[in-house]
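Below is start-v4.csv, which holds CSV, C-alpha atoms.
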chain,number,residue,atom,x,y,z
A,1066,MET,CA,0.0,0.0,0.0
A,1067,GLU,CA,1.4,3.4,-1.0
A,1068,ARG,CA,2.1,5.9,1.9
A,1069,ARG,CA,-0.7,8.4,0.9
A,1070,THR,CA,-3.3,5.6,0.6
A,1071,PHE,CA,-2.3,4.2,4.0
A,1072,ILE,CA,-2.5,7.6,5.7
A,1073,LYS,CA,-6.0,8.2,4.2
A,1074,ASN,CA,-7.2,4.8,5.3
A,1075,LEU,CA,-5.6,5.2,8.8
A,1076,SER,CA,-7.3,8.6,9.2
A,1077,TYR,CA,-10.7,7.0,8.6
A,1078,GLY,CA,-10.1,3.9,10.7
A,1079,THR,CA,-10.2,1.5,7.7
A,1080,VAL,CA,-6.8,-0.2,7.9
A,1081,ALA,CA,-7.4,-3.9,8.3
A,1082,VAL,CA,-5.1,-6.9,8.6
A,1083,THR,CA,-5.9,-10.3,7.3
A,1084,LEU,CA,-4.4,-12.9,9.6
A,1085,PRO,CA,-5.6,-16.4,8.9
A,1086,LEU,CA,-2.8,-17.8,11.2
A,1087,TRP,CA,-4.1,-15.8,14.1
A,1088,ALA,CA,-7.6,-17.0,13.6
A,1089,ALA,CA,-6.5,-20.6,14.0
A,1090,ILE,CA,-4.8,-20.0,17.4
A,1091,PRO,CA,-6.9,-21.3,20.3
A,1092,VAL,CA,-7.5,-18.7,23.0
A,1093,ASP,CA,-8.4,-20.8,26.0
A,1094,ASP,CA,-5.5,-23.2,26.6
A,1095,LYS,CA,-2.7,-22.3,29.0
A,1096,ILE,CA,0.5,-21.2,27.3
A,1097,SER,CA,3.9,-22.6,28.4
A,1098,GLU,CA,5.7,-20.5,30.9
A,1099,ASP,CA,8.5,-18.4,29.4
A,1100,SER,CA,9.6,-15.8,32.0
A,1101,VAL,CA,6.3,-14.1,32.1
A,1102,ARG,CA,6.3,-10.7,33.8
A,1103,ASN,CA,3.5,-8.2,33.8
A,1104,TRP,CA,4.0,-4.5,34.1
A,1105,MET,CA,2.5,-1.2,34.9
A,1106,TRP,CA,3.5,2.4,33.9
A,1107,THR,CA,3.4,4.3,37.2
A,1108,GLY,CA,4.6,7.4,39.0
A,1109,GLY,CA,7.3,7.1,41.6
A,1110,PHE,CA,5.4,6.2,44.8
A,1111,ARG,CA,6.4,9.5,46.4
A,1112,ARG,CA,6.4,10.1,50.2
A,1113,ARG,CA,6.2,6.5,51.2
A,1114,ASP,CA,8.2,4.7,53.9
A,1115,THR,CA,9.4,1.1,53.6
A,1116,GLU,CA,6.3,-0.4,55.1
A,1117,GLU,CA,4.1,1.6,52.8
A,1118,LEU,CA,6.2,0.5,49.8
A,1119,LYS,CA,5.9,-3.1,50.8
A,1120,LYS,CA,2.1,-2.8,51.0
A,1121,ARG,CA,2.0,-1.2,47.5
A,1122,PHE,CA,4.2,-3.9,46.1
A,1123,SER,CA,2.1,-6.6,47.7
A,1124,ASP,CA,-1.1,-5.1,46.2
A,1125,LEU,CA,0.5,-5.1,42.8
A,1126,ARG,CA,1.8,-8.6,43.1
A,1127,GLU,CA,-1.7,-9.7,44.1
A,1128,LEU,CA,-2.9,-8.3,40.8
A,1129,GLY,CA,-0.2,-10.3,38.9
A,1130,ILE,CA,2.1,-7.3,38.3
A,1131,THR,CA,5.8,-7.6,39.2
A,1132,GLY,CA,7.4,-5.1,36.7
A,1133,LEU,CA,7.3,-1.3,36.9
A,1134,ASN,CA,8.1,1.4,34.4
A,1135,MET,CA,8.4,4.1,37.0
A,1136,ARG,CA,8.6,7.8,36.3
A,1137,GLY,CA,10.3,9.8,39.0
A,1138,GLY,CA,10.3,8.9,42.7
A,1139,ASP,CA,13.1,8.3,45.3
A,1140,MET,CA,15.0,5.5,43.6
A,1141,GLU,CA,17.4,5.0,46.5
A,1142,THR,CA,14.4,4.2,48.8
A,1143,ILE,CA,12.3,2.3,46.3
A,1144,LEU,CA,14.8,0.0,44.6
A,1145,PRO,CA,16.0,-2.0,47.6
A,1146,VAL,CA,12.4,-2.7,48.6
A,1147,ALA,CA,11.4,-3.5,45.0
A,1148,ALA,CA,14.3,-6.1,44.8
A,1149,LYS,CA,13.3,-7.8,48.1
A,1150,GLU,CA,9.7,-7.9,46.9
A,1151,GLY,CA,10.7,-9.6,43.6
A,1152,PHE,CA,10.0,-6.6,41.3
A,1153,GLU,CA,11.9,-5.4,38.3
A,1154,VAL,CA,12.0,-1.6,37.9
A,1155,HIS,CA,12.8,0.5,34.8
A,1156,SER,CA,13.3,4.2,35.1
A,1157,TRP,CA,10.7,5.7,32.7
A,1158,ILE,CA,11.8,9.0,31.0
A,1159,TRP,CA,10.3,11.3,28.5
A,1160,ALA,CA,13.1,11.2,25.9
A,1161,LEU,CA,12.6,13.7,23.0
A,1162,CYS,CA,9.5,15.3,24.3
A,1163,HIS,CA,11.2,17.7,26.7
A,1164,PRO,CA,9.0,20.6,27.8
A,1165,TYR,CA,11.3,21.8,30.6
A,1166,GLY,CA,11.8,25.5,31.0
A,1167,LYS,CA,15.5,25.4,31.9
A,1168,THR,CA,16.5,23.4,28.8
A,1169,MET,CA,14.3,25.5,26.5
A,1170,GLU,CA,15.8,28.8,27.9
A,1171,GLU,CA,19.4,27.6,27.8
A,1172,HIS,CA,19.3,25.7,24.5
A,1173,PRO,CA,16.3,26.7,22.3
A,1174,GLU,CA,18.4,25.7,19.3
A,1175,TRP,CA,18.1,22.0,20.4
A,1176,TYR,CA,14.4,21.9,19.6
A,1177,MET,CA,12.6,20.8,16.5
A,1178,ILE,CA,11.3,23.2,13.8
A,1179,ASN,CA,8.4,22.4,11.5
A,1180,ARG,CA,8.0,22.7,7.7
A,1181,ASN,CA,6.7,26.2,8.2
A,1182,ARG,CA,10.1,27.0,9.9
A,1183,VAL,CA,8.4,27.5,13.3
A,1184,SER,CA,10.0,26.2,16.4
A,1185,CYS,CA,8.0,23.8,18.6
A,1186,ILE,CA,9.0,26.1,21.5
A,1187,ASP,CA,7.0,29.0,20.0
A,1188,LYS,CA,4.1,26.9,18.6
A,1189,PRO,CA,3.9,23.4,20.0
A,1190,PRO,CA,1.6,21.1,18.0
A,1191,TYR,CA,-1.7,20.0,19.6
A,1192,VAL,CA,-0.8,20.6,23.2
A,1193,GLY,CA,1.4,23.0,25.2
A,1194,TYR,CA,3.8,20.3,26.4
A,1195,TYR,CA,4.7,19.1,22.9
A,1196,ARG,CA,8.2,20.7,22.9
A,1197,TRP,CA,10.6,18.2,21.2
A,1198,LEU,CA,14.4,17.8,21.0
A,1199,CYS,CA,15.8,17.1,17.6
A,1200,PRO,CA,17.6,13.6,17.5
A,1201,THR,CA,19.9,14.7,14.7
A,1202,LYS,CA,21.8,17.2,16.7
A,1203,PRO,CA,25.0,16.0,18.3
A,1204,GLU,CA,24.3,18.1,21.4
A,1205,VAL,CA,21.0,16.4,21.9
A,1206,GLN,CA,22.6,13.0,21.5
A,1207,GLU,CA,25.2,13.8,24.1
A,1208,TYR,CA,22.5,15.2,26.5
A,1209,MET,CA,20.4,12.1,26.1
A,1210,LYS,CA,23.5,9.9,26.7
A,1211,GLN,CA,24.2,11.8,30.0
A,1212,ARG,CA,20.6,11.3,31.1
A,1213,VAL,CA,21.0,7.5,30.6
A,1214,LEU,CA,24.4,7.5,32.3
A,1215,ASN,CA,23.0,9.3,35.4
A,1216,LEU,CA,20.3,6.7,35.8
A,1217,CYS,CA,22.7,3.8,35.3
A,1218,LYS,CA,24.3,4.8,38.6
A,1219,TYR,CA,21.4,3.4,40.6
A,1220,ASP,CA,22.1,0.0,42.0
A,1221,GLY,CA,19.1,-2.3,41.6
A,1222,LEU,CA,17.7,-0.4,38.6
A,1223,ALA,CA,17.2,-2.9,35.8
A,1224,ALA,CA,16.8,-0.6,32.8
A,1225,VAL,CA,16.1,2.8,31.4
A,1226,HIS,CA,12.7,3.0,29.8
A,1227,LEU,CA,12.4,5.4,26.9
A,1228,ASP,CA,9.1,7.1,26.2
A,1229,TYR,CA,8.3,9.8,23.5
A,1230,ILE,CA,11.4,8.5,21.6
A,1231,ARG,CA,10.1,9.7,18.3
A,1232,TYR,CA,8.9,12.7,16.3
A,1233,PRO,CA,5.7,14.6,17.1
A,1234,ASP,CA,2.6,12.9,15.6
A,1235,VAL,CA,2.5,14.1,12.0
A,1236,ILE,CA,-0.9,12.3,11.9
A,1237,LEU,CA,-2.9,11.7,15.1
A,1238,PRO,CA,-4.7,8.4,15.7
A,1239,VAL,CA,-8.1,8.6,14.1
A,1240,ASN,CA,-10.1,8.8,17.4
A,1241,ILE,CA,-7.9,11.5,18.8
A,1242,GLN,CA,-8.2,13.9,15.8
A,1243,PRO,CA,-11.8,15.0,16.7
A,1244,LYS,CA,-10.5,16.3,20.1
A,1245,TYR,CA,-8.6,18.9,18.2
A,1246,ASN,CA,-11.2,19.5,15.5
A,1247,LEU,CA,-8.8,18.0,12.9
A,1248,VAL,CA,-9.2,15.8,9.8
A,1249,GLN,CA,-5.6,14.8,9.0
A,1250,ASP,CA,-5.8,13.2,5.5
A,1251,LYS,CA,-2.2,14.1,4.7
A,1252,GLU,CA,0.9,15.5,6.4
A,1253,TYR,CA,0.3,19.1,7.1
A,1254,PRO,CA,3.4,21.4,7.5
A,1255,GLU,CA,2.6,22.6,11.0
A,1256,TYR,CA,2.8,19.0,12.2
A,1257,ASP,CA,5.7,17.9,10.0
A,1258,PHE,CA,9.1,18.0,11.8
A,1259,CYS,CA,12.1,18.5,11.8
A,1260,TYR,CA,13.5,21.2,9.4
A,1261,CYS,CA,16.1,22.7,11.6
A,1262,GLU,CA,19.5,23.8,10.2
A,1263,ASP,CA,21.2,20.6,11.4
A,1264,CYS,CA,18.6,18.3,9.7
A,1265,ARG,CA,18.6,20.3,6.5
A,1266,LYS,CA,22.4,20.4,6.3
A,1267,ALA,CA,22.9,16.7,7.1
A,1268,PHE,CA,20.3,15.7,4.5
A,1269,LYS,CA,21.7,18.0,1.8
A,1270,GLU,CA,25.2,16.6,2.4
A,1271,LYS,CA,23.8,13.1,1.9
A,1272,GLU,CA,21.2,13.6,-0.8
A,1273,GLY,CA,22.3,16.9,-2.5
A,1274,ILE,CA,19.1,18.8,-1.8
A,1275,ASP,CA,17.6,20.8,1.0
A,1276,PRO,CA,14.4,19.1,2.2
A,1277,LEU,CA,12.6,22.5,2.2
A,1278,GLU,CA,13.3,22.5,-1.6
A,1279,LEU,CA,11.6,19.2,-2.2
A,1280,GLU,CA,8.5,19.4,-4.3
A,1281,ASP,CA,6.6,17.2,-1.9
A,1282,PRO,CA,8.6,16.4,1.3
A,1283,PRO,CA,6.1,13.9,2.7
A,1284,SER,CA,6.4,11.6,-0.3
A,1285,HIS,CA,10.2,11.8,-0.5
A,1286,ILE,CA,11.5,8.3,0.5
A,1287,ALA,CA,15.0,9.4,1.4
A,1288,TRP,CA,13.8,12.3,3.5
A,1289,ASN,CA,11.5,10.0,5.5
A,1290,GLU,CA,14.3,7.5,5.9
A,1291,PHE,CA,16.6,10.2,7.1
A,1292,ARG,CA,14.3,10.9,10.0
A,1293,LEU,CA,13.6,7.3,10.8
A,1294,ASN,CA,17.3,6.7,10.9
A,1295,SER,CA,17.9,9.7,13.2
A,1296,VAL,CA,15.8,8.1,15.9
A,1297,VAL,CA,17.2,4.6,15.2
A,1298,GLN,CA,20.8,5.8,15.6
A,1299,LEU,CA,20.0,7.7,18.8
A,1300,VAL,CA,18.2,4.7,20.4
A,1301,ASN,CA,20.9,2.3,19.5
A,1302,MET,CA,23.6,4.6,20.9
A,1303,LEU,CA,21.6,4.9,24.1
A,1304,ALA,CA,21.2,1.1,24.2
A,1305,ASP,CA,25.0,0.7,23.9
A,1306,THR,CA,25.5,3.2,26.7
A,1307,ALA,CA,23.1,1.3,29.0
A,1308,HIS,CA,24.5,-2.1,28.2
A,1309,GLN,CA,28.1,-0.9,28.7
A,1310,ASN,CA,27.0,0.1,32.2
A,1311,GLY,CA,25.3,-3.1,33.1
A,1312,LYS,CA,21.7,-2.0,32.5
A,1313,LYS,CA,19.0,-2.9,30.0
A,1314,ILE,CA,17.1,-0.5,27.9
A,1315,SER,CA,13.4,-0.7,27.1
A,1316,ALA,CA,10.9,1.6,25.2
A,1317,ALA,CA,7.2,2.5,24.9
A,1318,VAL,CA,6.3,2.6,21.2
A,1319,PHE,CA,3.3,3.0,18.9
A,1320,PRO,CA,1.3,-0.2,18.5
A,1321,THR,CA,2.5,-1.7,15.2
A,1322,PRO,CA,5.5,-1.0,13.0
A,1323,GLU,CA,3.5,0.5,10.1
A,1324,ILE,CA,1.5,2.7,12.4
A,1325,ALA,CA,4.6,3.8,14.2
A,1326,ILE,CA,6.5,4.7,11.0
A,1327,THR,CA,3.5,6.5,9.4
A,1328,LEU,CA,2.3,8.5,12.4
A,1329,VAL,CA,5.5,9.3,14.4
A,1330,ARG,CA,8.5,8.2,12.3
A,1331,GLN,CA,9.4,5.5,14.7
A,1332,ASP,CA,11.0,2.4,13.1
A,1333,TRP,CA,11.2,0.4,16.4
A,1334,PRO,CA,11.9,-3.1,14.9
A,1335,ARG,CA,15.4,-1.8,14.1
A,1336,TRP,CA,16.1,-0.7,17.7
A,1337,ASN,CA,18.6,-2.7,19.8
A,1338,VAL,CA,16.4,-2.6,22.9
A,1339,ASP,CA,15.9,-5.4,25.4
A,1340,GLU,CA,12.2,-5.0,25.8
A,1341,ILE,CA,9.6,-3.2,23.8
A,1342,PHE,CA,6.1,-2.0,25.1
A,1343,PRO,CA,3.8,-1.3,22.1
A,1344,MET,CA,0.9,0.9,23.3
A,1345,MET,CA,-2.1,-1.1,21.9
A,1346,TYR,CA,-4.7,1.5,22.9
A,1347,HIS,CA,-7.4,0.1,20.6
A,1348,ARG,CA,-9.9,2.9,21.1
A,1349,ASP,CA,-7.5,5.5,19.8
A,1350,TYR,CA,-7.6,3.7,16.4
A,1351,ASN,CA,-11.3,2.9,16.4
A,1352,GLU,CA,-10.6,-0.8,16.8
A,1353,ASP,CA,-12.2,-3.6,18.8
A,1354,VAL,CA,-10.7,-6.0,21.3
A,1355,GLU,CA,-9.7,-8.5,18.6
A,1356,TRP,CA,-7.2,-6.0,17.3
A,1357,ILE,CA,-5.0,-6.6,20.4
A,1358,GLY,CA,-4.3,-10.0,19.1
A,1359,GLU,CA,-3.7,-8.8,15.5
A,1360,ALA,CA,-1.3,-6.1,16.6
A,1361,THR,CA,0.6,-8.4,18.9
A,1362,LEU,CA,1.1,-11.0,16.2
A,1363,LEU,CA,2.3,-8.3,13.7
A,1364,ASP,CA,4.8,-7.1,16.3
A,1365,VAL,CA,6.1,-10.5,17.2
A,1366,LYS,CA,6.6,-11.2,13.5
A,1367,ALA,CA,8.5,-7.9,13.1
A,1368,LEU,CA,10.8,-9.0,15.9
A,1369,LYS,CA,11.3,-12.6,14.8
A,1370,ASN,CA,15.0,-12.2,14.2
A,1371,SER,CA,15.5,-10.2,17.4
A,1372,LYS,CA,16.1,-11.0,21.0
A,1373,THR,CA,13.8,-8.2,22.1
A,1374,ARG,CA,11.0,-9.3,24.4
A,1375,LEU,CA,7.5,-7.8,23.7
A,1376,PHE,CA,4.9,-6.7,26.2
A,1377,SER,CA,1.5,-5.6,25.0
A,1378,GLY,CA,0.5,-2.2,26.5
A,1379,MET,CA,-3.2,-1.7,27.4
A,1380,ILE,CA,-5.5,0.8,29.1
A,1381,ILE,CA,-7.5,-1.7,31.2
A,1382,ASN,CA,-10.0,0.9,32.2
A,1383,SER,CA,-10.9,1.5,28.6
A,1384,PHE,CA,-12.2,-2.0,28.2
A,1385,ARG,CA,-15.7,-3.2,29.0
A,1386,PRO,CA,-15.2,-5.5,32.1
A,1387,GLU,CA,-16.3,-8.5,30.1
A,1388,ASP,CA,-13.7,-7.9,27.4
A,1389,ILE,CA,-10.7,-7.8,29.7
A,1390,PRO,CA,-10.0,-11.6,29.8
A,1391,ARG,CA,-10.3,-11.7,26.0
A,1392,ALA,CA,-7.8,-8.9,25.5
A,1393,ILE,CA,-5.2,-10.5,27.9
A,1394,ASN,CA,-5.7,-13.9,26.3
A,1395,LEU,CA,-5.2,-12.5,22.8
A,1396,ALA,CA,-1.9,-10.8,23.8
A,1397,PHE,CA,-0.4,-13.9,25.3
A,1398,LYS,CA,-1.6,-16.3,22.6
A,1399,ASN,CA,-0.1,-14.2,19.9
A,1400,GLY,CA,3.4,-14.1,21.4
A,1401,ALA,CA,3.6,-11.4,24.1
A,1402,LYS,CA,5.8,-12.2,27.1
A,1403,GLY,CA,3.4,-10.3,29.3
A,1404,ILE,CA,1.2,-7.1,29.3
A,1405,CYS,CA,1.7,-3.6,30.6
A,1406,VAL,CA,-1.1,-1.5,32.1
A,1407,PHE,CA,-1.4,2.2,31.7
A,1408,GLY,CA,-3.7,4.3,33.8
A,1409,GLY,CA,-4.3,1.9,36.7
A,1410,ILE,CA,-7.2,-0.5,37.3
A,1411,ASN,CA,-10.4,0.7,38.9
A,1412,SER,CA,-12.5,-1.3,41.4
A,1413,GLU,CA,-15.0,-2.5,38.8
A,1414,ARG,CA,-12.3,-4.2,36.8
A,1415,ARG,CA,-9.8,-5.2,39.4
A,1416,ASP,CA,-11.0,-8.7,40.3
A,1417,ILE,CA,-11.7,-9.6,36.6
A,1418,PHE,CA,-8.2,-8.5,35.7
A,1419,LYS,CA,-6.6,-10.4,38.5
A,1420,LYS,CA,-8.5,-13.6,37.6
A,1421,ALA,CA,-7.7,-13.3,33.9
A,1422,LEU,CA,-4.0,-12.7,34.4
A,1423,ARG,CA,-3.6,-15.5,37.0
A,1424,HIS,CA,-4.0,-18.0,34.2
A,1425,TYR,CA,-0.6,-17.0,32.8
A,1426,LEU,CA,1.5,-16.8,36.0
Reformat the file's structure so that it appears as structure tokens.
Amino acid sequence: MERRTFIKNLSYGTVAVTLPLWAAIPVDDKISEDSVRNWMWTGGFRRRDTEELKKRFSDLRELGITGLNMRGGDMETILPVAAKEGFEVHSWIWALCHPYGKTMEEHPEWYMINRNRVSCIDKPPYVGYYRWLCPTKPEVQEYMKQRVLNLCKYDGLAAVHLDYIRYPDVILPVNIQPKYNLVQDKEYPEYDFCYCEDCRKAFKEKEGIDPLELEDPPSHIAWNEFRLNSVVQLVNMLADTAHQNGKKISAAVFPTPEIAITLVRQDWPRWNVDEIFPMMYHRDYNEDVEWIGEATLLDVKALKNSKTRLFSGMIINSFRPEDIPRAINLAFKNGAKGICVFGGINSERRDIFKKALRHYL
């Protein structure tokens, strides 16, 4: 399918996948154990003493969760307790989305510029916090490396978890577009990044033309590949940094390779990460529960020559309670090594979730 046709179909929620292999997979038999671990994206359990932490870990373990992608928090307090309670902790960071005043004030030149030549500092797309560092810039690469190195100093931390490791959404998921009164049937210049001096110079040195001089930048294969490669190279450099310091690296990514490449220029099957967490938020894409299985199988196939372990990301509170067991089952049956929950689990869904997940522990 050509890029323009795919974008049009994606915008109207009509991209479908035919998977006869998936349809033949039974969804009720217990899978073989293969280092199953289930995860949650969470804040940092602030202002908790050791006993409170133990209680929190115990509650999560009761649900079937023993892995945490944790943003912030007192790692020196949390990590020893987590280890004793059998939890694996990854430090969750916003990577290229970096809406922090000090950095913007001191280094505005580090930030992305759209096809209209407007900085995302001055006019962030969609929401105010969408201020993005450019992965092509050597200074940004070094800054990101130092962020990873700083986290690698924590004893007991298993990995650095990269989020927002991509470009801003040039196309929003179909069910999110109405929130901003948008119909994105093509790549519009105000959402198309990055056209900073470094990107333009590097691309011209490689291809002999300034991307701003291209007749139709969105359809130019080499220009799209340049931006995909910028993120690939950054991630793989950060992975090397983590590995050299005895840590793993993991990442939260868009739900399938084709969606990730098309919407946010994120070619994650080429990343040398240890674990990948595709965000299979089905309602964002106007999909039903069965899509969880389809997306998981697509992702597993994309990683067939890789050692990367895949965990299907879900918003449990977005499911009807009766659909939760089916969603979990489909993820495991199609090759996920576990699931990862975003947004917590409310009381209406807690017992259903716990019972469904227990089948795979």
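Here atom CA of A:Arg1265 is placed at a distance of 27.7 Å from atom CA of A:Pro1238.
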With distances taken over only C-alpha atoms, the candidate from A:Trp1159, A:Gly1358, A:Tyr1208, A:Leu1247 nearest A:Tyr1195 is A:Trp1159
Practice prompt. Compile the contact shell of A:Lys1366 as a list in words: residues with an atom at most 10 Å away, counting only C-alpha atoms, same-chain residues fewer than 6 positions apart removed.
Written response: Pro1334, Ala1360, Asn1399 and Gly1400 of chain A
With distances taken over all atoms listed in the file, the candidate from A:Asp1257, A:Glu1278, A:Asp1234, A:Glu1141 nearest A:Arg1111 is A:Glu1141
Practice prompt. Record the distance separating atom CA of A:Ile1230 and atom CA of A:Leu1375, expressed in Å with one decimal.
Written response: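 These two atoms are separated by 16.9 Å.
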| Any idea what's packed within 7 Å of A:His1226, counting all atoms listed in the file, ignoring anything in its chain fewer than 2 positions away? Could you give it as a PyMOL selection string? | chain A and resi 1134+1155-1158+1224+1228+1314-1316
Mind checking which residues fall within 8 Å of A:Thr1306, counting only C-alpha atoms, ignoring those fewer than 2 positions away in the same chain, and posting them as number ranges by chain?
-> A: 1210, 1213-1214, 1302-1304, 1308-1310
The residue from A:Lys1149, A:Arg1212, A:His1347, A:His1285 with the smallest atom-to-atom distance to A:Thr1131, counting only C-alpha atoms, is A:Lys1149
